[in-house]
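data.tsv follows; it contains TSV, C-alpha atoms.
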```
chain	number	residue	atom	x	y	z
A	1	MET	CA	-42.07	-180.76	-44.33
A	2	MET	CA	-45.36	-178.97	-43.73
A	3	ARG	CA	-46.98	-178.20	-47.08
A	4	ALA	CA	-48.11	-174.58	-47.34
A	5	PHE	CA	-50.48	-173.00	-49.87
A	6	LEU	CA	-51.59	-169.44	-50.49
A	7	THR	CA	-55.06	-168.84	-51.95
A	8	VAL	CA	-55.05	-166.21	-54.72
A	9	TRP	CA	-57.21	-164.96	-57.59
A	10	PRO	CA	-55.65	-165.25	-61.06
A	11	PHE	CA	-56.31	-161.59	-61.90
A	12	ASP	CA	-54.31	-160.56	-58.82
A	13	LEU	CA	-51.50	-163.01	-59.47
A	14	LEU	CA	-50.79	-162.38	-63.12
A	15	ASP	CA	-48.99	-159.06	-63.51
A	16	ALA	CA	-45.51	-157.84	-64.40
A	17	ASP	CA	-44.12	-159.17	-61.09
A	18	PHE	CA	-45.62	-162.64	-61.44
A	19	SER	CA	-42.37	-164.53	-61.94
A	20	HIS	CA	-40.47	-162.59	-59.27
A	21	ARG	CA	-43.37	-162.96	-56.83
A	22	LEU	CA	-43.46	-166.74	-57.24
A	23	ASP	CA	-39.69	-166.96	-56.73
A	24	ARG	CA	-39.96	-165.04	-53.46
A	25	TRP	CA	-43.01	-166.85	-52.17
A	26	HIS	CA	-41.36	-170.20	-52.80
A	27	GLY	CA	-37.74	-169.47	-51.89
A	28	ASP	CA	-38.05	-166.84	-49.14
A	29	ILE	CA	-41.51	-167.16	-47.62
A	30	GLY	CA	-41.54	-170.97	-47.77
A	31	LEU	CA	-44.75	-171.66	-49.66
A	32	THR	CA	-44.81	-175.06	-51.34
A	33	GLY	CA	-47.80	-174.34	-53.55
A	34	LEU	CA	-50.61	-172.08	-54.70
A	35	ALA	CA	-54.38	-172.52	-54.45
A	36	VAL	CA	-55.76	-170.46	-57.35
A	37	TRP	CA	-59.43	-169.65	-57.88
A	38	MET	CA	-60.58	-171.10	-61.19
A	39	ALA	CA	-64.34	-170.97	-60.66
A	40	GLY	CA	-65.83	-168.34	-58.40
A	41	GLY	CA	-68.51	-165.78	-57.72
A	42	PRO	CA	-68.55	-162.03	-58.30
A	43	SER	CA	-65.78	-160.02	-56.65
A	44	ILE	CA	-64.49	-156.50	-56.33
A	45	ALA	CA	-60.98	-155.65	-55.18
A	46	LEU	CA	-59.05	-152.45	-54.54
A	47	ARG	CA	-55.56	-153.26	-55.79
A	48	LEU	CA	-52.59	-151.48	-54.25
A	49	ASP	CA	-48.93	-150.98	-55.15
A	50	GLY	CA	-49.70	-149.51	-58.57
A	51	ALA	CA	-51.60	-152.51	-59.94
A	52	GLU	CA	-53.91	-151.67	-62.83
A	53	PRO	CA	-56.81	-151.42	-62.90
A	54	ARG	CA	-56.81	-150.18	-59.32
A	55	LEU	CA	-60.43	-151.20	-58.80
A	56	PHE	CA	-60.99	-154.62	-60.29
A	57	ARG	CA	-64.51	-155.93	-60.81
A	58	SER	CA	-65.40	-159.44	-61.89
A	59	ARG	CA	-68.83	-160.94	-62.43
A	60	GLY	CA	-67.30	-164.33	-61.72
A	61	GLY	CA	-67.55	-167.57	-63.64
A	62	LEU	CA	-64.81	-169.90	-64.88
A	63	PHE	CA	-61.32	-168.40	-65.04
A	64	PHE	CA	-60.05	-170.95	-67.54
A	65	PRO	CA	-61.14	-172.22	-70.99
A	66	PRO	CA	-63.39	-175.23	-70.26
A	67	ASP	CA	-63.47	-178.47	-72.18
A	68	LYS	CA	-67.12	-178.10	-73.20
A	69	ASP	CA	-67.47	-181.74	-74.24
A	70	ARG	CA	-67.28	-182.76	-70.57
A	71	TYR	CA	-70.46	-180.85	-69.65
A	72	GLY	CA	-72.91	-182.71	-71.89
A	73	ASP	CA	-74.81	-184.37	-69.02
A	74	SER	CA	-76.01	-181.04	-67.63
A	75	ARG	CA	-78.30	-178.39	-69.06
A	76	LEU	CA	-76.04	-175.85	-67.32
A	77	LYS	CA	-73.24	-174.76	-69.62
A	78	PRO	CA	-69.88	-173.28	-68.58
A	79	LEU	CA	-70.02	-169.52	-68.04
A	80	VAL	CA	-66.55	-168.08	-68.60
A	81	SER	CA	-65.53	-164.86	-66.88
A	82	ASP	CA	-65.28	-161.87	-69.22
A	83	TRP	CA	-61.71	-161.42	-68.03
A	84	SER	CA	-60.72	-164.94	-69.09
A	85	ARG	CA	-62.41	-165.42	-72.44
A	86	SER	CA	-59.31	-164.81	-74.55
A	87	ARG	CA	-56.76	-166.15	-72.04
A	88	ASN	CA	-55.50	-169.45	-70.72
A	89	ASP	CA	-54.05	-168.34	-67.41
A	90	LEU	CA	-54.45	-171.79	-65.88
A	91	ALA	CA	-51.89	-173.23	-68.28
A	92	ARG	CA	-49.43	-170.40	-67.61
A	93	ILE	CA	-49.76	-170.61	-63.82
A	94	ALA	CA	-49.48	-174.39	-63.91
A	95	GLU	CA	-46.29	-174.28	-65.97
A	96	GLU	CA	-44.66	-171.65	-63.74
A	97	CYS	CA	-45.53	-173.61	-60.59
A	98	ALA	CA	-44.23	-176.86	-62.08
A	99	ARG	CA	-40.99	-175.18	-63.13
A	100	ARG	CA	-40.31	-174.22	-59.51
A	101	GLY	CA	-41.44	-177.50	-58.02
A	102	MET	CA	-44.53	-175.87	-56.49
A	103	GLU	CA	-47.86	-177.64	-56.25
A	104	LEU	CA	-50.96	-176.15	-57.83
A	105	ARG	CA	-54.42	-176.55	-56.47
A	106	CYS	CA	-57.44	-175.21	-58.34
A	107	VAL	CA	-60.16	-173.68	-56.17
A	108	ALA	CA	-63.77	-173.91	-57.35
A	109	ALA	CA	-66.99	-172.70	-55.75
A	110	ALA	CA	-69.63	-175.40	-55.83
A	111	SER	CA	-72.84	-173.41	-55.40
A	112	SER	CA	-72.02	-169.77	-56.22
A	113	ILE	CA	-70.26	-169.67	-59.59
A	114	GLY	CA	-70.67	-166.37	-61.38
A	115	ARG	CA	-74.17	-165.54	-62.59
A	116	MET	CA	-75.32	-169.15	-62.98
A	117	ALA	CA	-78.19	-168.86	-60.48
A	118	GLN	CA	-79.54	-165.84	-62.37
A	119	ARG	CA	-79.13	-167.55	-65.74
A	120	HIS	CA	-80.80	-170.74	-64.51
A	121	PRO	CA	-83.35	-169.79	-61.82
A	122	ALA	CA	-84.96	-173.25	-61.98
A	123	THR	CA	-81.75	-174.66	-60.46
A	124	ALA	CA	-81.35	-171.99	-57.76
A	125	VAL	CA	-81.86	-172.41	-54.04
A	126	LYS	CA	-85.34	-171.31	-52.94
A	127	SER	CA	-86.18	-170.02	-49.47
A	128	ALA	CA	-89.11	-171.12	-47.33
A	129	PHE	CA	-90.91	-167.98	-48.53
A	130	GLY	CA	-90.59	-169.09	-52.16
A	131	ASP	CA	-87.85	-166.69	-53.29
A	132	ASP	CA	-85.22	-167.90	-55.76
A	133	SER	CA	-81.63	-167.08	-54.86
A	134	ALA	CA	-79.76	-164.83	-57.28
A	135	VAL	CA	-76.39	-166.19	-56.16
A	136	SER	CA	-76.77	-169.81	-54.99
A	137	LEU	CA	-77.36	-172.98	-56.98
A	138	CYS	CA	-79.04	-175.95	-55.31
A	139	LEU	CA	-76.43	-178.70	-55.18
A	140	LEU	CA	-79.19	-181.31	-54.99
A	141	ASN	CA	-80.60	-180.31	-58.37
A	142	PRO	CA	-79.60	-183.03	-60.92
A	143	ASP	CA	-78.33	-180.50	-63.48
A	144	VAL	CA	-76.21	-178.74	-60.84
A	145	GLU	CA	-74.81	-182.06	-59.64
A	146	ALA	CA	-73.90	-183.02	-63.20
A	147	PHE	CA	-72.27	-179.64	-63.81
A	148	LEU	CA	-70.22	-179.84	-60.61
A	149	LEU	CA	-68.99	-183.35	-61.45
A	150	ALA	CA	-68.04	-182.17	-64.95
A	151	LEU	CA	-66.16	-179.18	-63.53
A	152	VAL	CA	-64.21	-181.44	-61.18
A	153	ASP	CA	-63.46	-183.81	-64.04
A	154	ASP	CA	-62.34	-180.91	-66.26
A	155	LEU	CA	-60.00	-179.26	-63.76
A	156	SER	CA	-58.49	-182.46	-62.41
A	157	ALA	CA	-57.52	-183.54	-65.94
A	158	ARG	CA	-55.34	-180.46	-66.55
A	159	GLU	CA	-51.59	-180.83	-66.80
A	160	HIS	CA	-49.56	-179.89	-63.71
A	161	VAL	CA	-52.70	-179.54	-61.54
A	162	ASN	CA	-52.00	-181.40	-58.30
A	163	GLY	CA	-55.26	-180.97	-56.45
A	164	LEU	CA	-58.69	-179.38	-56.18
A	165	VAL	CA	-60.26	-177.34	-53.40
A	166	ILE	CA	-64.06	-177.15	-53.33
A	167	SER	CA	-65.58	-174.16	-51.53
A	168	ASP	CA	-69.22	-173.19	-50.88
A	169	PHE	CA	-70.25	-176.82	-50.64
A	170	GLU	CA	-73.54	-175.94	-49.02
A	171	ASN	CA	-77.21	-175.70	-49.83
A	172	ALA	CA	-78.00	-172.21	-48.65
A	173	TRP	CA	-80.13	-169.27	-49.68
A	174	ARG	CA	-77.08	-167.05	-49.24
A	175	GLU	CA	-79.07	-163.82	-49.24
A	176	ALA	CA	-80.04	-164.76	-45.68
A	177	PHE	CA	-76.55	-163.72	-44.58
A	178	ASP	CA	-76.40	-160.50	-46.57
A	179	PRO	CA	-76.10	-157.59	-44.10
A	180	ARG	CA	-78.25	-155.53	-46.45
A	181	LEU	CA	-81.23	-157.80	-45.75
A	182	ALA	CA	-83.32	-155.49	-43.56
A	183	ALA	CA	-86.00	-156.58	-41.10
A	184	ALA	CA	-87.78	-155.11	-38.09
A	185	PRO	CA	-86.56	-156.14	-35.63
A	186	PRO	CA	-83.23	-157.15	-37.24
A	187	LEU	CA	-82.89	-160.84	-37.99
A	188	SER	CA	-80.94	-162.90	-35.49
A	189	GLY	CA	-78.32	-165.46	-36.45
A	190	VAL	CA	-80.83	-168.24	-35.75
A	191	GLN	CA	-83.43	-166.66	-38.05
A	192	ARG	CA	-80.84	-166.24	-40.81
A	193	GLN	CA	-79.81	-169.88	-40.55
A	194	LEU	CA	-83.43	-171.00	-40.85
A	195	LEU	CA	-84.01	-168.62	-43.74
A	196	SER	CA	-80.99	-170.10	-45.55
A	197	LEU	CA	-82.60	-173.55	-45.89
A	198	CYS	CA	-83.46	-174.67	-49.43
A	199	PHE	CA	-87.00	-175.63	-50.41
A	200	CYS	CA	-86.71	-175.64	-54.19
A	201	GLU	CA	-88.88	-177.90	-56.34
A	202	SER	CA	-86.01	-180.31	-56.96
A	203	CYS	CA	-85.42	-180.79	-53.22
A	204	ARG	CA	-89.14	-181.23	-52.58
A	205	GLN	CA	-89.54	-183.85	-55.31
A	206	ARG	CA	-86.50	-185.86	-54.27
A	207	ALA	CA	-87.27	-185.66	-50.56
A	208	SER	CA	-90.87	-186.76	-51.08
A	209	ARG	CA	-89.59	-190.14	-52.29
A	210	GLU	CA	-88.23	-190.65	-48.78
A	211	ASN	CA	-91.36	-189.36	-47.05
A	212	ARG	CA	-89.90	-185.95	-46.23
A	213	ASP	CA	-92.60	-183.28	-46.27
A	214	GLY	CA	-91.15	-180.08	-47.73
A	215	ASP	CA	-94.40	-178.16	-47.29
A	216	MET	CA	-94.54	-178.84	-43.56
A	217	ALA	CA	-90.83	-178.11	-43.08
A	218	ALA	CA	-91.12	-174.81	-44.98
A	219	ARG	CA	-94.18	-173.87	-42.93
A	220	SER	CA	-92.16	-174.57	-39.77
A	221	VAL	CA	-89.38	-172.26	-40.94
A	222	ARG	CA	-91.81	-169.42	-41.67
A	223	GLN	CA	-93.50	-169.83	-38.31
A	224	TRP	CA	-90.24	-169.96	-36.38
A	225	ILE	CA	-88.89	-166.85	-38.11
A	226	ASP	CA	-92.05	-164.92	-37.18
A	227	ARG	CA	-92.16	-166.33	-33.65
A	228	LEU	CA	-88.53	-165.44	-32.94
A	229	SER	CA	-89.25	-161.83	-33.88
A	230	HIS	CA	-91.77	-161.55	-31.03
A	231	LEU	CA	-89.86	-163.06	-28.12
A	232	ALA	CA	-89.24	-159.66	-26.49
A	233	ASP	CA	-86.73	-160.24	-23.68
A	234	GLU	CA	-87.01	-164.02	-23.63
A	235	GLN	CA	-83.95	-166.14	-24.30
A	236	PRO	CA	-84.34	-167.43	-27.87
A	237	PRO	CA	-83.77	-171.12	-28.58
A	238	SER	CA	-80.76	-172.25	-30.57
A	239	VAL	CA	-81.06	-173.72	-34.04
A	240	GLN	CA	-80.40	-177.17	-32.63
A	241	GLU	CA	-83.11	-176.75	-30.00
A	242	ILE	CA	-85.57	-175.72	-32.72
A	243	ILE	CA	-84.61	-178.70	-34.87
A	244	ASP	CA	-84.98	-181.10	-31.93
A	245	ALA	CA	-88.47	-179.73	-31.19
A	246	ASP	CA	-89.71	-179.76	-34.79
A	247	SER	CA	-89.95	-183.19	-36.42
A	248	PRO	CA	-90.70	-182.12	-40.05
A	249	LEU	CA	-87.84	-179.61	-39.96
A	250	SER	CA	-85.47	-182.11	-38.37
A	251	LEU	CA	-86.26	-184.76	-41.00
A	252	TRP	CA	-85.79	-182.19	-43.79
A	253	ILE	CA	-82.36	-181.11	-42.56
A	254	GLN	CA	-81.24	-184.70	-41.95
A	255	TRP	CA	-82.20	-185.58	-45.52
A	256	GLN	CA	-80.33	-182.64	-47.05
A	257	ARG	CA	-77.20	-183.38	-45.02
A	258	LYS	CA	-77.31	-187.02	-46.10
A	259	GLU	CA	-77.68	-186.07	-49.75
A	260	LEU	CA	-74.81	-183.56	-49.57
A	261	SER	CA	-72.54	-186.17	-48.02
A	262	SER	CA	-73.48	-188.59	-50.80
A	263	LEU	CA	-72.68	-185.94	-53.42
A	264	ALA	CA	-69.33	-185.26	-51.74
A	265	GLY	CA	-68.46	-188.90	-52.16
A	266	ARG	CA	-69.27	-188.78	-55.89
A	267	VAL	CA	-67.16	-185.64	-56.26
A	268	MET	CA	-64.20	-187.45	-54.73
A	269	GLU	CA	-64.70	-190.42	-57.04
A	270	GLN	CA	-64.76	-188.08	-60.04
A	271	CYS	CA	-61.60	-186.20	-59.06
A	272	ARG	CA	-58.31	-187.52	-60.44
A	273	ARG	CA	-56.21	-185.50	-57.99
A	274	GLU	CA	-56.02	-184.73	-54.32
A	275	LEU	CA	-59.29	-183.11	-53.21
A	276	VAL	CA	-60.33	-181.20	-50.12
A	277	PHE	CA	-63.41	-179.20	-49.13
A	278	MET	CA	-62.83	-175.68	-47.80
A	279	PRO	CA	-65.07	-173.85	-45.31
A	280	ASP	CA	-65.77	-170.17	-45.94
A	281	PRO	CA	-63.98	-168.09	-43.27
A	282	ALA	CA	-65.94	-164.96	-44.21
A	283	ALA	CA	-69.46	-166.40	-44.10
A	284	ASP	CA	-71.86	-166.89	-41.24
A	285	PRO	CA	-72.42	-170.55	-40.36
A	286	VAL	CA	-75.18	-172.18	-42.35
A	287	THR	CA	-77.30	-175.07	-41.25
A	288	VAL	CA	-77.08	-177.47	-44.17
A	289	THR	CA	-73.43	-177.99	-45.08
A	290	LEU	CA	-71.18	-180.96	-45.45
A	291	GLY	CA	-70.04	-180.32	-41.89
A	292	THR	CA	-66.68	-180.70	-40.21
A	293	ASP	CA	-67.14	-184.41	-39.45
A	294	PRO	CA	-68.13	-185.93	-42.80
A	295	PRO	CA	-68.04	-189.67	-43.45
A	296	ALA	CA	-64.79	-191.11	-44.73
A	297	PRO	CA	-63.09	-190.62	-47.13
A	298	VAL	CA	-64.20	-186.98	-47.47
A	299	ARG	CA	-61.54	-184.47	-46.37
A	300	VAL	CA	-62.42	-181.05	-45.01
A	301	MET	CA	-60.02	-178.27	-44.07
A	302	LYS	CA	-60.17	-177.26	-40.43
A	303	LEU	CA	-60.67	-173.52	-40.00
A	304	LEU	CA	-57.96	-172.37	-37.60
A	305	HIS	CA	-58.87	-169.18	-35.75
A	306	ASP	CA	-58.28	-169.71	-32.00
A	307	GLU	CA	-57.14	-172.24	-29.41
A	308	GLU	CA	-60.44	-174.10	-29.60
A	309	SER	CA	-59.74	-174.86	-33.25
A	310	LEU	CA	-57.02	-177.26	-32.16
A	311	LEU	CA	-59.13	-179.11	-29.60
A	312	GLY	CA	-61.08	-182.27	-30.20
A	313	SER	CA	-60.49	-185.97	-30.44
A	314	HIS	CA	-59.06	-185.81	-33.96
A	315	SER	CA	-56.01	-183.67	-34.66
A	316	PRO	CA	-56.59	-181.71	-37.89
A	317	LYS	CA	-54.24	-182.66	-40.73
A	318	GLU	CA	-55.22	-179.85	-43.07
A	319	LEU	CA	-55.73	-176.30	-41.84
A	320	LEU	CA	-57.22	-173.09	-43.22
A	321	VAL	CA	-55.91	-169.80	-41.86
A	322	SER	CA	-57.69	-166.56	-42.75
A	323	LEU	CA	-55.60	-163.48	-43.59
A	324	ARG	CA	-58.63	-161.19	-43.75
A	325	GLU	CA	-57.73	-159.65	-40.39
A	326	SER	CA	-54.18	-158.46	-41.05
A	327	THR	CA	-53.07	-156.92	-37.74
A	328	PRO	CA	-49.89	-157.39	-35.67
A	329	ASP	CA	-51.86	-159.13	-32.92
A	330	ARG	CA	-53.55	-161.44	-35.40
A	331	HIS	CA	-50.21	-162.26	-37.02
A	332	GLN	CA	-48.71	-163.28	-33.68
A	333	ARG	CA	-51.68	-165.52	-32.88
A	334	MET	CA	-51.39	-167.07	-36.32
A	335	ILE	CA	-47.70	-167.90	-35.79
A	336	SER	CA	-48.47	-169.54	-32.45
A	337	LEU	CA	-51.46	-171.49	-33.73
A	338	VAL	CA	-49.73	-172.86	-36.84
A	339	THR	CA	-46.79	-173.97	-34.67
A	340	ARG	CA	-49.08	-175.70	-32.20
A	341	ALA	CA	-50.98	-177.35	-35.05
A	342	ALA	CA	-47.70	-178.77	-36.39
A	343	GLU	CA	-46.99	-180.21	-32.94
A	344	ARG	CA	-50.34	-181.99	-33.12
A	345	GLY	CA	-49.57	-183.51	-36.51
A	346	ALA	CA	-50.96	-181.02	-39.02
A	347	SER	CA	-49.20	-181.48	-42.35
A	348	VAL	CA	-50.94	-178.97	-44.66
A	349	VAL	CA	-51.82	-175.31	-44.11
A	350	THR	CA	-53.58	-172.95	-46.52
A	351	PHE	CA	-53.47	-169.19	-46.00
A	352	GLU	CA	-56.60	-167.54	-47.38
A	353	GLY	CA	-57.21	-163.86	-48.05
A	354	ALA	CA	-59.32	-161.70	-50.30
A	355	VAL	CA	-56.26	-160.15	-52.00
A	356	ILE	CA	-52.49	-160.60	-52.32
A	357	PRO	CA	-51.07	-160.51	-48.76
A	358	THR	CA	-49.33	-157.39	-47.48
A	359	GLU	CA	-45.64	-157.49	-46.62
A	360	PRO	CA	-46.32	-157.81	-42.83
A	361	ALA	CA	-48.64	-160.73	-43.52
A	362	LEU	CA	-46.02	-162.44	-45.70
A	363	VAL	CA	-43.40	-162.00	-42.98
A	364	ALA	CA	-45.81	-163.55	-40.48
A	365	ILE	CA	-46.44	-166.49	-42.83
A	366	ARG	CA	-42.68	-167.03	-43.17
A	367	GLN	CA	-42.23	-167.04	-39.39
A	368	ALA	CA	-45.18	-169.35	-38.86
A	369	LEU	CA	-43.84	-171.88	-41.37
A	370	ARG	CA	-40.28	-171.74	-40.03
A	371	TYR	CA	-41.38	-172.27	-36.44
A	372	ALA	CA	-43.80	-175.02	-37.44
A	373	ARG	CA	-41.20	-176.90	-39.48
A	374	ARG	CA	-38.60	-176.63	-36.74
A	375	THR	CA	-41.16	-178.03	-34.34
A	376	VAL	CA	-41.36	-181.25	-36.34
A	377	GLY	CA	-37.62	-181.36	-36.96
A	378	VAL	CA	-37.56	-180.07	-40.54
A	379	PRO	CA	-35.48	-176.94	-41.31
```

Kindly present the structure from the file in structure tokens form.
Amino acid sequence: MMRAFLTVWPFDLLDADFSHRLDRWHGDIGLTGLAVWMAGGPSIALRLDGAEPRLFRSRGGLFFPPDKDRYGDSRLKPLVSDWSRSRNDLARIAEECARRGMELRCVAAASSIGRMAQRHPATAVKSAFGDDSAVSLCLLNPDVEAFLLALVDDLSAREHVNGLVISDFENAWREAFDPRLAAAPPLSGVQRQLLSLCFCESCRQRASRENRDGDMAARSVRQWIDRLSHLADEQPPSVQEIIDADSPLSLWIQWQRKELSSLAGRVMEQCRRELVFMPDPAADPVTVTLGTDPPAPVRVMKLLHDEESLLGSHSPKELLVSLRESTPDRHQRMISLVTRAAERGASVVTFEGAVIPTEPALVAIRQALRYARRTVGVP
């Protein structure tokens, strides 16, 4: 049977209807598990159907009580969300899922947990212009690597936790994709991708050991961003065309991708449970990520959004479906795509949204799962 997860935040899940909601999601909708955020960034949500508080704000952090002894190899210490300091919601959710035979995956952001970048600016991503990120940690910083491995070790050791989902596994100055970042003329997608590249001191020191020149690569980024702003009506080059034409920049990006892939392998070795990396359906594409074709044995969810998502030489086994566009037309496309994915051998699907799904979205999920399971001969 196709396994099906719904991604939720603990503060949305845990209310007076928690038990009833789980019963319905499992028995009526057909979900086989939950993917619950346990380490994330700041969020704000308008909660409907009488939920209190109606406007929920979180500065992010860890949404569970950490085992602090596991974090001794890093100078970064666990930053627990204000909402979770006197609670152990992970244990309660895990027990309720186990009682119903539902799987539980814990979702953790790798590079954008809470206020960690502000608390530890020396470990933050730095742009080619020398600006520290206020939201993104550099995954190639040794202290950040050690913290991430400890977090994976901590979560995967918890009782009734069946798997981990790692999001934001990217080295990006995320402010580059903030729509509030003003420029004249407005920055293009190519400029934002270049601006997202990390040139922090840790990256420069490590890369220099392999003869990668961070100064030259950063200078290339600054020059390209300025040059692209003065192209007038000319057709701008793509990011790949720029990389191919710029040797220092190409070598820099190749090195960061290689190091991220190596870190992904260590994360998998550290994890005691099933582990998968999740792309961000809400973010613009960034240049230096793990990518959709990482070396074995790293597993990455395939973002399913149109017919092209199902094409390629390798049929995706694990899918990510965004619920952020909840419209009748989108629901029908989702039903069709999940069914077609099942025909091609997909065995896991995760439905991701910013909040608890609406009733129409839940009905669409139920239909998608029923059609998909019938397609492979499972009622």

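Closest approach to Glu170 (chain A) among A:Arg330, A:Arg47, A:Arg257, A:Arg3: A:Arg257, based on all atoms listed in the file.
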
- Item | Closest of A:Gly33, A:Pro65, A:Gly163, A:Pro360 to Pro328 (chain A) - atom-to-atom distances counting all atoms listed in the file | A:Pro360

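Relative to CA of Asp23 (chain A), CA of Ser326 (chain A) is found at 23.0 Å.
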
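Across A:Asp213, A:Glu234, A:Glu103, A:Glu274, the tightest approach to Ala35 (chain A) is made by A:Glu103 when counting all atoms listed in the file.
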
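Distance check against Leu197 (chain A) using only C-alpha atoms: of A:Pro236, A:Pro179, A:Pro78, A:Gly214, the minimum falls on A:Gly214.
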